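Printed here is target-v1.cif (mmCIF, C-alpha atoms):
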data_model
#
loop_
_atom_site.label_atom_id
_atom_site.label_comp_id
_atom_site.auth_asym_id
_atom_site.auth_seq_id
_atom_site.Cartn_x
_atom_site.Cartn_y
_atom_site.Cartn_z
CA MET A 1 0.00 0.00 0.00
CA GLY A 2 1.27 3.46 -0.91
CA LEU A 3 1.39 6.33 1.51
CA LYS A 4 -1.76 8.41 1.79
CA LYS A 5 -1.46 11.92 0.46
CA ASN A 6 -2.06 14.77 2.85
CA PRO A 7 -5.54 16.08 1.92
CA ASN A 8 -4.52 19.61 2.92
CA LEU A 9 -1.85 19.80 0.22
CA MET A 10 -2.46 20.76 -3.40
CA TYR A 11 -0.29 18.33 -5.39
CA LYS A 12 -0.17 20.58 -8.40
CA LYS A 13 2.62 21.20 -10.89
CA ILE A 14 4.35 24.55 -11.25
CA TYR A 15 6.45 25.83 -14.12
CA ILE A 16 8.87 28.61 -13.17
CA LYS A 17 10.58 30.76 -15.79
CA THR A 18 13.28 33.19 -14.66
CA PHE A 19 14.53 36.29 -16.44
CA GLY A 20 17.45 38.50 -15.47
CA CYS A 21 20.05 38.50 -12.74
CA GLN A 22 21.48 35.90 -10.40
CA MET A 23 19.31 37.26 -7.60
CA ASN A 24 16.23 36.29 -9.58
CA GLU A 25 17.64 32.77 -9.93
CA TYR A 26 18.13 32.64 -6.18
CA ASP A 27 14.61 34.01 -5.62
CA SER A 28 13.07 31.43 -7.95
CA ASN A 29 14.76 28.62 -6.02
CA ARG A 30 13.55 30.01 -2.71
CA ILE A 31 10.03 30.50 -4.06
CA PHE A 32 9.95 26.83 -4.98
CA ASP A 33 11.36 25.79 -1.58
CA THR A 34 8.44 27.76 -0.10
CA ILE A 35 5.55 26.49 -2.23
CA LYS A 36 6.69 22.88 -1.93
CA LYS A 37 5.18 23.13 1.55
CA ASN A 38 1.81 23.35 -0.21
CA GLY A 39 2.51 20.19 -2.19
CA TYR A 40 3.66 21.80 -5.44
CA GLU A 41 5.96 19.85 -7.72
CA LYS A 42 8.21 21.51 -10.30
CA THR A 43 7.78 20.66 -13.97
CA ASP A 44 9.98 21.51 -16.94
CA GLN A 45 7.03 21.10 -19.31
CA TYR A 46 4.93 24.19 -20.01
CA GLU A 47 1.85 22.20 -20.98
CA GLU A 48 1.75 20.22 -17.71
CA ALA A 49 1.57 23.27 -15.48
CA ASP A 50 -1.30 23.92 -13.09
CA CYS A 51 0.53 27.07 -12.11
CA TYR A 52 2.85 29.23 -14.25
CA LEU A 53 5.20 31.67 -12.53
CA LEU A 54 7.27 34.20 -14.44
CA ASN A 55 10.03 35.83 -12.39
CA THR A 56 10.79 39.07 -14.19
CA CYS A 57 13.64 41.55 -14.52
CA HIS A 58 13.25 45.30 -15.15
CA ILE A 59 16.87 46.15 -15.98
CA ARG A 60 17.00 45.37 -19.68
CA ASP A 61 15.17 47.04 -22.56
CA LYS A 62 11.49 46.25 -23.19
CA ALA A 63 11.25 44.18 -19.99
CA LYS A 64 7.55 44.87 -19.58
CA GLU A 65 6.72 43.93 -23.16
CA LYS A 66 8.60 40.64 -22.79
CA VAL A 67 6.20 39.72 -20.00
CA TYR A 68 3.14 40.32 -22.16
CA HIS A 69 4.79 38.42 -25.01
CA GLU A 70 5.24 35.45 -22.68
CA ILE A 71 1.61 35.65 -21.58
CA GLY A 72 0.51 35.69 -25.23
CA ARG A 73 2.57 32.54 -25.82
CA LEU A 74 1.00 30.93 -22.77
CA LYS A 75 -2.52 31.71 -23.99
CA LYS A 76 -1.85 29.87 -27.25
CA ILE A 77 -0.50 26.80 -25.45
CA PHE A 78 -3.51 26.60 -23.12
CA ARG A 79 -6.13 27.65 -25.69
CA ASN A 80 -7.83 24.24 -25.55
CA LYS A 81 -6.77 23.34 -22.02
CA LYS A 82 -7.63 24.32 -18.49
CA LYS A 83 -5.98 27.67 -17.79
CA PRO A 84 -3.11 27.55 -15.23
CA THR A 85 -2.88 30.01 -12.36
CA VAL A 86 -0.61 32.74 -13.75
CA ILE A 87 1.74 34.52 -11.36
CA ILE A 88 4.00 37.43 -12.34
CA ALA A 89 6.80 37.92 -9.82
CA GLY A 90 9.97 40.01 -9.70
CA CYS A 91 10.88 43.57 -10.53
CA VAL A 92 8.44 44.16 -13.41
CA ALA A 93 5.68 42.98 -11.08
CA GLN A 94 6.85 45.47 -8.44
CA ALA A 95 7.07 48.36 -10.91
CA GLU A 96 3.78 47.75 -12.73
CA ASN A 97 1.71 46.13 -9.92
CA GLN A 98 -2.06 46.83 -10.41
CA GLU A 99 -1.50 47.97 -14.00
CA MET A 100 -0.62 44.41 -15.01
CA LEU A 101 -3.89 43.02 -13.69
CA LYS A 102 -5.83 45.72 -15.54
CA ARG A 103 -4.00 45.29 -18.84
CA GLU A 104 -3.90 41.49 -18.96
CA PRO A 105 -6.87 39.58 -17.46
CA TYR A 106 -5.01 36.28 -17.99
CA ILE A 107 -2.74 37.22 -15.05
CA ASP A 108 -4.06 36.07 -11.65
CA ILE A 109 -1.40 37.16 -9.16
CA VAL A 110 1.23 39.93 -9.17
CA ILE A 111 3.84 39.65 -6.41
CA GLY A 112 6.93 41.80 -5.82
CA PRO A 113 10.39 40.65 -4.66
CA GLN A 114 9.86 41.73 -1.04
CA SER A 115 6.59 39.80 -0.67
CA TYR A 116 7.66 36.23 -1.49
CA HIS A 117 7.07 35.16 2.11
CA LYS A 118 3.36 35.68 1.43
CA ILE A 119 3.20 33.57 -1.72
CA ASN A 120 1.65 30.45 -0.15
CA ASP A 121 -1.19 32.42 1.44
CA VAL A 122 -1.74 34.40 -1.76
CA ILE A 123 -1.99 31.22 -3.87
CA LEU A 124 -4.28 29.45 -1.39
CA ASN A 125 -6.59 32.48 -1.19
CA HIS A 126 -6.72 32.66 -4.98
CA TYR A 127 -7.81 29.02 -5.22
CA LYS A 128 -10.47 29.58 -2.58
CA ASN A 129 -12.07 32.82 -3.74
CA LYS A 130 -10.79 33.14 -7.35
CA LYS A 131 -9.98 36.81 -6.80
CA LYS A 132 -6.99 38.42 -8.45
CA LYS A 133 -4.31 39.69 -6.08
CA GLU A 134 -1.48 42.22 -6.15
CA GLU A 135 1.12 42.03 -3.37
CA THR A 136 3.97 44.52 -3.68
CA GLU A 137 4.77 45.92 -0.24
CA PHE A 138 8.43 46.43 0.73
CA ASP A 139 9.06 44.12 3.70
CA SER A 140 12.56 42.64 3.47
CA ILE A 141 12.77 41.81 7.18
CA SER A 142 9.62 39.65 7.22
CA LYS A 143 10.58 38.07 3.91
CA PHE A 144 14.01 36.85 5.03
CA ASN A 145 12.82 35.90 8.52
CA TYR A 146 10.23 33.69 6.86
CA LEU A 147 12.63 32.21 4.31
CA SER A 148 15.20 31.48 7.02
CA LYS A 149 12.76 28.94 8.47
CA ILE A 150 12.61 27.06 5.15
CA VAL A 151 15.64 24.95 4.31
CA ASN A 152 17.47 25.98 1.13
CA LYS A 153 17.44 22.78 -0.95
CA ASP A 154 19.79 24.00 -3.69
CA SER A 155 22.31 21.22 -4.32
CA ASN A 156 24.17 22.61 -7.32
CA VAL A 157 27.95 22.54 -7.04
CA SER A 158 27.91 26.35 -7.33
CA SER A 159 25.08 28.08 -5.49
CA PHE A 160 23.82 31.64 -4.98
CA LEU A 161 23.16 33.11 -1.54
CA THR A 162 21.50 36.52 -1.22
CA ILE A 163 22.94 38.57 1.66
CA GLN A 164 21.75 42.07 0.74
CA GLU A 165 18.89 43.60 -1.22
CA GLY A 166 17.88 47.01 -2.42
CA CYS A 167 19.82 50.18 -3.15
CA ASP A 168 20.24 53.66 -1.67
CA LYS A 169 22.50 54.98 -4.45
CA PHE A 170 19.73 56.24 -6.79
CA CYS A 171 21.75 56.22 -10.01
CA HIS A 172 19.65 58.28 -12.39
CA PHE A 173 19.25 55.43 -14.91
CA CYS A 174 18.35 52.66 -12.47
CA VAL A 175 15.00 51.26 -11.28
CA VAL A 176 16.40 49.06 -8.49
CA PRO A 177 15.58 51.46 -5.60
CA TYR A 178 11.97 51.47 -6.83
CA THR A 179 11.64 47.72 -7.45
CA ARG A 180 13.80 46.27 -4.66
CA GLY A 181 13.50 49.07 -2.11
CA PRO A 182 16.13 50.55 0.23
CA GLU A 183 19.35 48.73 1.13
CA TYR A 184 18.75 45.89 3.57
CA SER A 185 21.42 43.57 4.98
CA ARG A 186 20.33 40.15 6.25
CA PRO A 187 21.34 39.11 9.79
CA PHE A 188 24.83 37.58 9.86
CA ASP A 189 23.76 34.40 11.68
CA GLN A 190 20.85 33.91 9.27
CA ILE A 191 23.24 33.94 6.31
CA ILE A 192 25.67 31.51 7.97
CA LYS A 193 22.79 29.16 8.79
CA GLU A 194 21.76 29.12 5.13
CA ALA A 195 25.38 28.64 4.05
CA LYS A 196 25.54 25.55 6.29
CA GLU A 197 22.37 24.23 4.63
CA LEU A 198 24.03 24.61 1.24
CA ILE A 199 27.17 22.87 2.51
CA HIS A 200 25.00 20.01 3.77
CA ASN A 201 23.51 19.77 0.26
CA GLY A 202 26.99 19.31 -1.21
CA VAL A 203 27.58 22.85 -2.49
CA LYS A 204 31.27 23.62 -3.08
CA GLU A 205 31.12 27.22 -4.28
CA ILE A 206 29.01 30.00 -2.77
CA ILE A 207 28.32 33.22 -4.66
CA LEU A 208 27.12 35.99 -2.33
CA LEU A 209 24.54 38.23 -3.97
CA GLY A 210 23.28 41.75 -3.51
CA GLN A 211 22.26 44.73 -5.61
CA ASN A 212 25.10 46.42 -3.70
CA VAL A 213 26.68 43.35 -2.15
CA ASN A 214 29.70 45.21 -0.78
CA ALA A 215 27.37 47.63 1.05
CA TYR A 216 26.49 44.71 3.35
CA ASN A 217 26.43 46.00 6.92
CA TYR A 218 24.58 44.29 9.75
CA LYS A 219 24.64 45.35 13.39
CA ASP A 220 23.34 43.41 16.37
CA GLU A 221 23.68 44.19 20.08
CA ASN A 222 27.32 43.15 20.21
CA ASN A 223 28.84 43.30 16.75
CA GLU A 224 28.92 45.04 13.40
CA TYR A 225 29.42 42.77 10.38
CA LYS A 226 30.62 43.71 6.92
CA LEU A 227 31.07 41.71 3.74
CA SER A 228 34.68 40.99 4.73
CA ASP A 229 33.45 39.31 7.95
CA LEU A 230 31.14 37.06 5.95
CA LEU A 231 33.95 36.14 3.58
CA TYR A 232 36.30 35.24 6.44
CA LYS A 233 33.61 33.09 8.04
CA LEU A 234 32.87 31.21 4.80
CA GLU A 235 36.60 30.72 4.32
CA SER A 236 36.65 28.71 7.57
CA PHE A 237 34.34 25.99 6.23
CA ASP A 238 36.49 23.16 4.83
CA GLU A 239 33.73 21.98 2.50
CA ILE A 240 33.62 25.30 0.65
CA LYS A 241 36.29 25.44 -2.04
CA ARG A 242 35.47 28.75 -3.75
CA ILE A 243 33.78 32.02 -2.79
CA ARG A 244 32.58 34.90 -4.98
CA TYR A 245 30.42 37.99 -4.55
CA THR A 246 28.48 40.23 -6.95
CA THR A 247 27.47 42.99 -7.74
CA SER A 248 29.69 45.64 -6.16
CA HIS A 249 29.62 49.43 -6.21
CA PRO A 250 32.95 51.31 -6.32
CA LYS A 251 31.78 53.56 -3.48
CA ASP A 252 31.57 50.57 -1.13
CA MET A 253 34.92 48.97 -2.03
CA SER A 254 36.28 49.50 1.50
CA GLU A 255 39.84 48.90 2.73
CA ASP A 256 38.84 45.85 4.80
CA LEU A 257 37.32 44.27 1.69
CA ILE A 258 40.34 45.10 -0.46
CA ASN A 259 42.72 43.72 2.19
CA ILE A 260 40.97 40.35 2.39
CA TYR A 261 42.59 39.51 -0.94
CA LYS A 262 45.96 39.46 0.87
CA LYS A 263 44.93 36.49 3.02
CA SER A 264 42.04 34.66 1.40
CA ILE A 265 42.73 31.46 -0.50
CA LYS A 266 39.14 30.70 -1.45
CA LEU A 267 38.00 34.16 -2.64
CA MET A 268 38.30 34.04 -6.42
CA PRO A 269 40.50 36.62 -8.22
CA LEU A 270 37.76 38.08 -10.44
CA VAL A 271 36.25 41.40 -9.30
CA HIS A 272 33.02 42.45 -10.99
CA LEU A 273 33.01 46.20 -10.43
CA PRO A 274 30.58 48.13 -12.66
CA VAL A 275 31.92 51.50 -13.80
CA GLN A 276 29.28 52.39 -16.47
CA SER A 277 31.39 55.11 -18.16
CA GLY A 278 34.98 56.28 -18.42
CA SER A 279 33.96 59.97 -18.26
CA ASN A 280 33.61 61.85 -14.99
CA LYS A 281 31.11 64.17 -16.67
CA ILE A 282 28.84 61.25 -17.51
CA LEU A 283 29.34 59.60 -14.10
CA LYS A 284 28.18 62.81 -12.48
CA LEU A 285 25.14 63.00 -14.75
CA MET A 286 24.41 59.38 -13.84
CA ASN A 287 24.73 60.21 -10.11
CA ARG A 288 27.22 57.36 -9.72
CA LYS A 289 28.95 58.97 -6.70
CA HIS A 290 32.45 57.94 -7.78
CA THR A 291 35.06 59.25 -10.20
CA ILE A 292 37.31 57.45 -12.67
CA GLU A 293 40.31 58.41 -10.53
CA GLU A 294 38.73 56.71 -7.49
CA TYR A 295 37.90 53.67 -9.59
CA LEU A 296 41.49 53.36 -10.79
CA ILE A 297 42.81 53.67 -7.23
CA ILE A 298 40.75 50.58 -6.31
CA TYR A 299 42.05 48.80 -9.41
CA LYS A 300 45.69 49.62 -8.57
CA LYS A 301 45.36 48.64 -4.91
CA LEU A 302 43.92 45.23 -5.80
CA LYS A 303 46.52 44.64 -8.50
CA MET A 304 49.33 45.47 -6.04
CA ILE A 305 47.90 43.06 -3.48
CA LYS A 306 47.27 40.28 -5.99
CA PRO A 307 48.69 40.76 -9.50
CA ASN A 308 46.61 37.92 -10.97
CA ILE A 309 43.32 39.66 -10.12
CA GLU A 310 41.19 40.46 -13.19
CA PHE A 311 38.21 42.78 -13.58
CA SER A 312 34.83 42.64 -15.27
CA SER A 313 32.38 45.52 -15.52
CA ASP A 314 29.17 47.03 -16.90
CA PHE A 315 29.02 49.86 -19.43
CA ILE A 316 26.12 52.06 -20.51
CA ILE A 317 26.75 53.52 -23.96
CA GLY A 318 24.96 56.56 -25.39
CA TYR A 319 23.87 58.04 -22.07
CA PRO A 320 22.25 61.48 -22.58
CA GLU A 321 24.91 64.16 -23.26
CA GLU A 322 27.64 61.61 -24.00
CA ASP A 323 29.87 63.16 -26.68
CA ASP A 324 32.89 61.89 -28.63
CA GLU A 325 35.31 62.93 -25.88
CA ASP A 326 33.30 61.05 -23.21
CA PHE A 327 33.26 57.97 -25.41
CA LYS A 328 37.01 58.27 -25.98
CA MET A 329 37.55 58.31 -22.20
CA THR A 330 35.56 55.09 -21.85
CA MET A 331 37.76 53.45 -24.47
CA GLU A 332 40.86 54.69 -22.62
CA LEU A 333 39.63 53.15 -19.38
CA ILE A 334 38.98 49.81 -21.08
CA ASN A 335 42.51 49.85 -22.49
CA LYS A 336 43.97 50.61 -19.04
CA VAL A 337 42.10 47.93 -17.12
CA LYS A 338 41.72 45.32 -19.91
CA PHE A 339 38.45 43.91 -18.55
CA ILE A 340 38.22 40.18 -19.27
CA ASN A 341 34.42 39.90 -19.23
CA SER A 342 31.96 42.78 -19.33
CA TYR A 343 28.41 43.70 -20.23
CA SER A 344 27.65 46.71 -22.40
CA PHE A 345 24.31 48.15 -23.49
CA ILE A 346 22.89 51.24 -25.16
CA PHE A 347 21.15 53.49 -22.65
CA SER A 348 17.45 52.72 -22.41
CA PRO A 349 15.26 55.01 -20.25
CA ARG A 350 13.29 53.40 -17.42
CA PRO A 351 9.95 54.94 -16.36
CA GLY A 352 10.16 56.64 -12.98
CA THR A 353 13.90 57.27 -13.07
CA VAL A 354 15.53 60.71 -13.34
CA ALA A 355 17.06 59.81 -16.70
CA ALA A 356 13.69 58.81 -18.16
CA GLY A 357 12.97 62.38 -19.24
CA LEU A 358 16.38 63.23 -20.69
CA THR A 359 16.99 63.82 -24.38
CA LEU A 360 18.48 60.78 -26.08
CA ILE A 361 21.52 61.10 -28.30
CA ASP A 362 21.41 59.94 -31.92
CA LYS A 363 20.48 56.23 -32.03
CA LYS A 364 22.79 55.49 -34.96
CA LYS A 365 25.75 57.03 -33.13
CA SER A 366 24.93 55.01 -30.00
CA LYS A 367 24.90 51.80 -32.03
CA GLU A 368 28.23 52.65 -33.65
CA ARG A 369 29.79 53.34 -30.27
CA LEU A 370 28.39 50.12 -28.81
CA GLU A 371 29.89 48.09 -31.67
CA ILE A 372 33.31 49.69 -31.10
CA ILE A 373 33.16 49.13 -27.34
CA GLN A 374 32.01 45.52 -27.64
CA LYS A 375 34.69 44.71 -30.20
CA LYS A 376 37.34 46.03 -27.82
CA LEU A 377 35.87 44.21 -24.80
CA PHE A 378 35.52 40.97 -26.77
CA ASP A 379 39.11 41.32 -28.03
CA TYR A 380 40.41 41.39 -24.45
CA GLN A 381 38.18 38.45 -23.56
CA ILE A 382 39.45 36.42 -26.52
CA LYS A 383 43.06 37.43 -25.80
CA LYS A 384 42.76 36.30 -22.16
CA ASN A 385 41.30 32.94 -23.18
CA LYS A 386 43.93 32.47 -25.89
CA SER A 387 46.69 33.09 -23.34
CA LEU A 388 45.46 30.09 -21.34
CA GLU A 389 45.91 27.60 -24.18
CA GLY A 390 48.60 25.05 -23.31
CA LYS A 391 48.29 25.76 -19.58
CA VAL A 392 46.90 23.54 -16.86
CA LEU A 393 44.15 25.13 -14.76
CA ASN A 394 42.24 24.24 -11.62
CA ILE A 395 38.63 23.67 -12.68
CA LEU A 396 35.66 23.27 -10.36
CA VAL A 397 33.44 20.74 -12.14
CA GLU A 398 29.74 21.66 -11.96
CA ASN A 399 27.86 19.13 -14.07
CA LYS A 400 27.72 16.85 -17.08
CA MET A 401 26.89 18.34 -20.47
CA LYS A 402 23.72 17.33 -22.31
CA ASP A 403 25.72 15.03 -24.58
CA GLY A 404 26.40 12.83 -21.56
CA ILE A 405 30.10 12.65 -22.40
CA LYS A 406 31.69 15.99 -21.63
CA LEU A 407 31.88 17.79 -18.30
CA PHE A 408 31.33 21.47 -17.59
CA GLY A 409 33.32 23.48 -15.08
CA ARG A 410 34.71 26.95 -14.48
CA THR A 411 38.10 28.55 -13.96
CA GLU A 412 38.87 30.88 -11.08
CA TYR A 413 37.82 33.68 -13.44
CA MET A 414 34.37 32.15 -14.08
CA THR A 415 35.29 31.13 -17.64
CA SER A 416 33.44 28.04 -18.89
CA VAL A 417 35.58 24.95 -19.49
CA ILE A 418 34.41 21.88 -21.42
CA PHE A 419 36.29 18.58 -21.35
CA GLU A 420 35.78 14.80 -21.29
CA GLY A 421 35.59 13.05 -17.93
CA ASN A 422 33.45 10.88 -15.68
CA GLU A 423 30.83 11.85 -13.13
CA GLU A 424 33.24 11.27 -10.25
CA CYS A 425 34.80 14.63 -11.11
CA ILE A 426 31.58 16.58 -10.40
CA GLY A 427 31.94 18.71 -7.29
CA LYS A 428 35.72 18.43 -7.32
CA ILE A 429 38.51 20.74 -8.39
CA VAL A 430 40.44 18.94 -11.13
CA GLN A 431 43.33 19.86 -13.38
CA VAL A 432 42.54 20.44 -17.03
CA GLU A 433 45.00 21.23 -19.81
CA ILE A 434 43.52 23.87 -22.10
CA ILE A 435 43.75 22.83 -25.75
CA SER A 436 41.69 25.52 -27.50
CA SER A 437 39.40 28.47 -26.81
CA ASN A 438 36.84 30.87 -28.21
CA GLN A 439 35.38 34.11 -26.90
CA ASN A 440 33.32 32.52 -24.14
CA SER A 441 34.77 29.08 -23.42
CA LEU A 442 37.87 26.98 -22.99
CA PHE A 443 38.20 23.39 -24.22
CA GLY A 444 40.63 20.95 -22.69
CA LYS A 445 41.56 17.50 -21.47
CA LEU A 446 41.62 16.13 -17.96
CA ILE A 447 45.07 15.61 -16.46
CA ASP A 448 45.56 12.38 -14.51
CA GLY A 449 47.42 13.15 -11.30
CA LEU A 450 49.67 16.17 -10.92
CA LYS A 451 51.79 15.85 -14.01
CA LYS A 452 52.00 19.58 -14.58
CA LYS A 453 52.08 22.63 -12.41
CA VAL A 454 48.86 24.60 -12.18
CA ALA A 455 48.98 27.91 -14.07
#
Take the structure in this file and express it as structure tokens.
Amino acid sequence: MGLKKNPNLMYKKIYIKTFGCQMNEYDSNRIFDTIKKNGYEKTDQYEEADCYLLNTCHIRDKAKEKVYHEIGRLKKIFRNKKKPTVIIAGCVAQAENQEMLKREPYIDIVIGPQSYHKINDVILNHYKNKKKKEETEFDSISKFNYLSKIVNKDSNVSSFLTIQEGCDKFCHFCVVPYTRGPEYSRPFDQIIKEAKELIHNGVKEIILLGQNVNAYNYKDENNEYKLSDLLYKLESFDEIKRIRYTTSHPKDMSEDLINIYKKSIKLMPLVHLPVQSGSNKILKLMNRKHTIEEYLIIYKKLKMIKPNIEFSSDFIIGYPEEDDEDFKMTMELINKVKFINSYSFIFSPRPGTVAAGLTLIDKKKSKERLEIIQKKLFDYQIKKNKSLEGKVLNILVENKMKDGIKLFGRTEYMTSVIFEGNEECIGKIVQVEIISSNQNSLFGKLIDGLKKKVA
């Protein structure tokens, strides 16, 4: 006889689709950990879903329209089937809230990033009374207190862990303060408890997340904790082999954080430090609160401490009032730092931000500048990867590729590495000789034993 199912649980299937940043990936995992308590099972098949959840991102261009495009696609799939409960979560949900329910009747629930602790009650109430619901209050404390009581089941070799949310910087182009709220740092002990859960699951690499992760600052009755304190604590766990953090703001790159690179063995030597522009004039217009000179001081300090440190960044091209001289300064910065992996986009105004009402520069010129910038950034990326050919690198193996033959892992610099090997390698740091490369990946062969020195 099989076990009787709990009659109070739903036993429905949910399909979760995630757009955007690593924090959204983390949120989607935690949402599922939460709704499993109601009996939900995850499905990878659209057509099986009793519930469809779209976790949205508001950073990129046309984010709102992508949501409605997805809903249109969903309508076609379920045209001759029972409609699933449709939930829009994430930053677009926060920004648009009630407007989404008015514009698209197919949507049942709209829930913002600081209200995920309410998702079970919201879903249950919807099934009971069939009323549409919008939940977009800012309540980070209640959210994380609730989530801390639910075990993080993520068992990937490399796992995300959110330590900080929101932003107080108010860059003129950015919607984060309006969609994620003010800066909030989770309690230190709460983070360590979740880290231990991940370690128990077999996680070997933890990536600490925050909109301004290096602004992390938590005070209790006895202590004040910064990001550096978290990094030192994670370093002490033998099971953890690698540690990373993202995304940082230059203003919060404090001396204690810089100095940790002198001692840490597990903190990886890739610093993602968005600069956005190489021109002080544009940085001031963006309200970035740092100068290029200050940025380069951070760069030089880290390079002096650890010469093998590399940098990645974000660039906004064609910001209002950007002229040829501003663009030239951005190119000069790229040539100084030689970023090995960066993201670059043409400025796109976001409703509600200061920059939304500014006059755009010529679109054709913006596209031309973006092409030049990306070529230069990609050249440095390709050059870095090419320089690794013939060397033996330490690779943390994350999983098996879909072909069932090759393995996938990453270098200390987050570069993808593909090579042949068996499943016993997964979760371990192995030595791989790099044979060839392209812009985004390295290809190599597994080294048996320690035949060669690690590069």
Contacts of Val354 of chain A at 10 Å or less, counting all atoms listed in the file, minus same-chain residues fewer than 5 places along, as a list of chain:residue names?
A:Phe170, A:Cys171, A:His172, A:Phe173, A:Cys174, A:Val175, A:Leu285, A:Met286, A:Asn287, A:Pro349
Given the file shown, enumerate the residues that the PyMOL selection byres ((chain A and resi 259) around 12) captures and present them as a ChimeraX atom specification.
/A:227-229,231-232,253-258,260-264,267,298,301-306
Could you write out that same residue set with C-alpha atoms as a PDB file, in the coordinates of the input?
ATOM      1  CA  LEU A 227      31.070  41.710   3.740  1.00  0.00           C
ATOM      2  CA  SER A 228      34.680  40.990   4.730  1.00  0.00           C
ATOM      3  CA  ASP A 229      33.450  39.310   7.950  1.00  0.00           C
ATOM      4  CA  LEU A 231      33.950  36.140   3.580  1.00  0.00           C
ATOM      5  CA  TYR A 232      36.300  35.240   6.440  1.00  0.00           C
ATOM      6  CA  MET A 253      34.920  48.970  -2.030  1.00  0.00           C
ATOM      7  CA  SER A 254      36.280  49.500   1.500  1.00  0.00           C
ATOM      8  CA  GLU A 255      39.840  48.900   2.730  1.00  0.00           C
ATOM      9  CA  ASP A 256      38.840  45.850   4.800  1.00  0.00           C
ATOM     10  CA  LEU A 257      37.320  44.270   1.690  1.00  0.00           C
ATOM     11  CA  ILE A 258      40.340  45.100  -0.460  1.00  0.00           C
ATOM     12  CA  ILE A 260      40.970  40.350   2.390  1.00  0.00           C
ATOM     13  CA  TYR A 261      42.590  39.510  -0.940  1.00  0.00           C
ATOM     14  CA  LYS A 262      45.960  39.460   0.870  1.00  0.00           C
ATOM     15  CA  LYS A 263      44.930  36.490   3.020  1.00  0.00           C
ATOM     16  CA  SER A 264      42.040  34.660   1.400  1.00  0.00           C
ATOM     17  CA  LEU A 267      38.000  34.160  -2.640  1.00  0.00           C
ATOM     18  CA  ILE A 298      40.750  50.580  -6.310  1.00  0.00           C
ATOM     19  CA  LYS A 301      45.360  48.640  -4.910  1.00  0.00           C
ATOM     20  CA  LEU A 302      43.920  45.230  -5.800  1.00  0.00           C
ATOM     21  CA  LYS A 303      46.520  44.640  -8.500  1.00  0.00           C
ATOM     22  CA  MET A 304      49.330  45.470  -6.040  1.00  0.00           C
ATOM     23  CA  ILE A 305      47.900  43.060  -3.480  1.00  0.00           C
ATOM     24  CA  LYS A 306      47.270  40.280  -5.990  1.00  0.00           C
TER      25      LYS A 306
END
Interatomic distance between atom CA of Leu273 of chain A and atom CA of Ile340 of chain A?
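Going from atom CA of Leu273 of chain A over to atom CA of Ile340 of chain A, I get 11.9 Å.
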Where does the PyMOL selection byres ((chain A and resi 220) around 12) land in this file, that is, which residues does it pick, as a PyMOL selection string?
chain A and resi 185-189+217-219+221-226
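You will find atom CA of Arg288 of chain A at 8.6 Å from atom CA of Gln276 of chain A.
Atom CA of Val271 of chain A is positioned 27.2 Å from atom CA of Ser366 of chain A.
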Taking 6 positions as the minimum chain separation for residues in the same chain, which residues sit within 9 Å of segment 107-116 of chain A when counting all atoms listed in the file? Answer as a PyMOL selection string.
chain A and resi 24+27+30-31+34+71+85-98+100-101+122-123+126+130-144+147+179-181
Name the residues captured by the PyMOL selection byres ((chain A and resi 315-318) around 10) when it is applied to the shown file; answer as a PyMOL selection string.
chain A and resi 173+274-278+282+313-314+319-323+326-327+330+342-348+360-371+373-374
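You can rank A:Ala63, A:Leu53, A:Met401, A:Ile16 by their closest distance to Pro351 of chain A using all atoms listed in the file, and at the top of that list sits A:Ala63.
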Choose the residue, out of A:Tyr146, A:Phe19, A:Phe339, A:Tyr11, that has the smallest atom-to-atom separation from Asn38 of chain A; count all atoms listed in the file.
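Looking at the shortest contact to Asn38 of chain A, the residue is A:Tyr11.
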Using all atoms listed in the file for the distances, tell me which of A:Lys328, A:Lys300, A:Lys400, A:Lys336 is nearest to Ile372 of chain A.
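Among the listed residues, the smallest separation from Ile372 of chain A belongs to A:Lys328.
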Which residue, A:Glu41, A:Lys241, A:Met23, A:Glu197, has the smallest gap to Asn212 of chain A when you use only C-alpha atoms?
A:Met23
Give as a ChimeraX atom specification the set of residues within 7 Å of the point (33.6, 33.1, -19.4), where distances use the file's coordinates and all atoms listed in the file.
/A:341,414-416,440-441
Taking all listed atoms of segment 69-85 of chain A, build the axis-aligned box, pad each of the six sides by 5 Å, then write its centre and edge lengths in Å to one decimal as AutoDock Vina command-line options.
--center_x -1.3 --center_y 30.9 --center_z -19.8 --size_x 23.1 --size_y 25.1 --size_z 24.9
Top pick for closest residue to Asn335 of chain A, considering A:Phe32, A:Phe443, A:Tyr216, A:Tyr380 and counting only C-alpha atoms:
A:Tyr380
I need the residue nearest Lys64 of chain A from this list: A:Tyr15, A:Arg350, A:Cys21, A:Leu198. Use only C-alpha atoms for the distance.
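Of the candidates, the smallest distance to Lys64 of chain A is held by A:Arg350.
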